[in-house]
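First up is the structure itself, then whatever we jot down about it.
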Amino acid sequence: MNNDDASGSKIWEESKGRASCEELAKSCSFYRKVYSELEEIGWEPLRRLGGDLTFFSFHILDKKGRAHILEIQLNRDYPKSPPCVSADVPYMFALEWSTSSRLKHVMHQFQKHLDNLQEFWSVLDDIDKSLCVVDAKQPSRASSVRRIHAGFNTFLPHSLFFSIYRLLIHFYSGNDCILIVHINFNDPKSLPECRFIGHMNNLHMIWRRNSQKWSMEKSFPENLEYVLGTELPRPQGLHDENDHHQVDCGICYAQFLPTDEELGARSGTRTDYTCENMSCNKSFHSLCLTDWLRSITTTRQSFDVLFGNCPYCSDPVAVKINSVNRVN
């Protein structure tokens with residue numbers, strides 16, 4: 001090897017060394033920045049963390065105590081390139097980003113997005129709790145579709161008009177049908193798109209003729225029954241305050257609280273809280289659930305509401321403290 005070759009080889013090795021140092025410096029800077037921003041958010045909501053700090057997911061509760069998972073993917077040139085975000089929501093928000101933005105700004109924008117979807121999820125929760133949803137498991141928070149069983153048995157005495165439709169239903173077919181409703185996430189209380197599958201295809205005619213009766217003042221299940229002129233089947237085990245069927249508390253295993261002056265207005269009352277997870281559906285006394293949540297270190301409090309997890313399925317629960325306070 002001549003002197004020129006040796007000199008060229010040495011320069012090449014030195015340039016490789018400088019490039020490696022620059023890459024290492026960039027990597028260290030990236031790690032320091034991401035780590036500091038994670039500390040700024042807090043480690044409690046963190047659920048998953050990639051070894052190279054380019055991927056992580058957060059567990060976030062909305063105003064109603066519903067749990068959501070936000071996933072964030074970073075490029076190596078972060079924050080020059082904005083994060084890629086995904087979540088179990090019907091549509092993603094438009095991320096506002098600049099090179100001075102931080103991960104906490106992503107969290108704030110996502111929380112605001114959840115706030116905008118509260119009415120949408122409240123309508124879906126009302127459907128899931130009040131009607132027979134066909135889906136085998138709890139539907140995704142991203143889905144705006146519900147398949148509702150409509151094997152009609154009991155008809156509401158609205159008017160002669162609906163009585164005629166009752167006769168038509170029994171005349172033309174059997175008594176089994178699936179309603180597929182598409183809820184508008186921008187206006188969830190409005191009249192939904194609806195399809196009918198099964199033997200009661202003539203319900204489509206009833207739907208078309210009565211759709212103008214849809215009222216923004218009624219709940220979604222009430223509107224469905226009113227427009228169709230019939231009472232829809234309820235989920236198995238569903239009970240309301242007027243139902244004499246009692247359910248034991250999942251914590252104290254009793255139907256009623258003790259008769260005790262210390263409990264004030266709650267003395268002798270029955271279970272008044274039910275887990276929103278339809279596959280769990282456990283009932284509790286709010287007082288028992290509050291005492292249990294206070295004994296768990298992961299429970300957090302925001303104003304007069306305790307946020308924690310169901311003792312049975314670990315899904316999020318939220319209990320208002322003022323409504324369960326004992327008399328001092």
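How things are named: the first chain in the structure tokens is A, the next is B, and so on; residues count from 1 in each chain; ligands count from 1 in the order shown.
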**OP:** Considering only C-alpha atoms, return as a ChimeraX atom specification whatever protein or nucleic-acid residues lie within 12 Å of Tyr35 in chain A, sequence-local ones (same chain, fewer than 5 positions apart) excluded.
**Re:** /A:28-30,40-43,49-54,56,102-103
Subject >> Secondary structure check, strand (DSSP E or B) residues of range 215-312 of chain A, as a PyMOL selection string >> reply: chain A and resi 231+256+270+273-274+283-284+300-302+305-309
Subject >> Minimum-distance residue to Cys280 in chain A, chosen among A:Val134, A:Cys313, A:Leu46, A:Ile206 (using only C-alpha atoms) >> reply: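 Of all the options, A:Cys313 lies closest to Cys280 in chain A.
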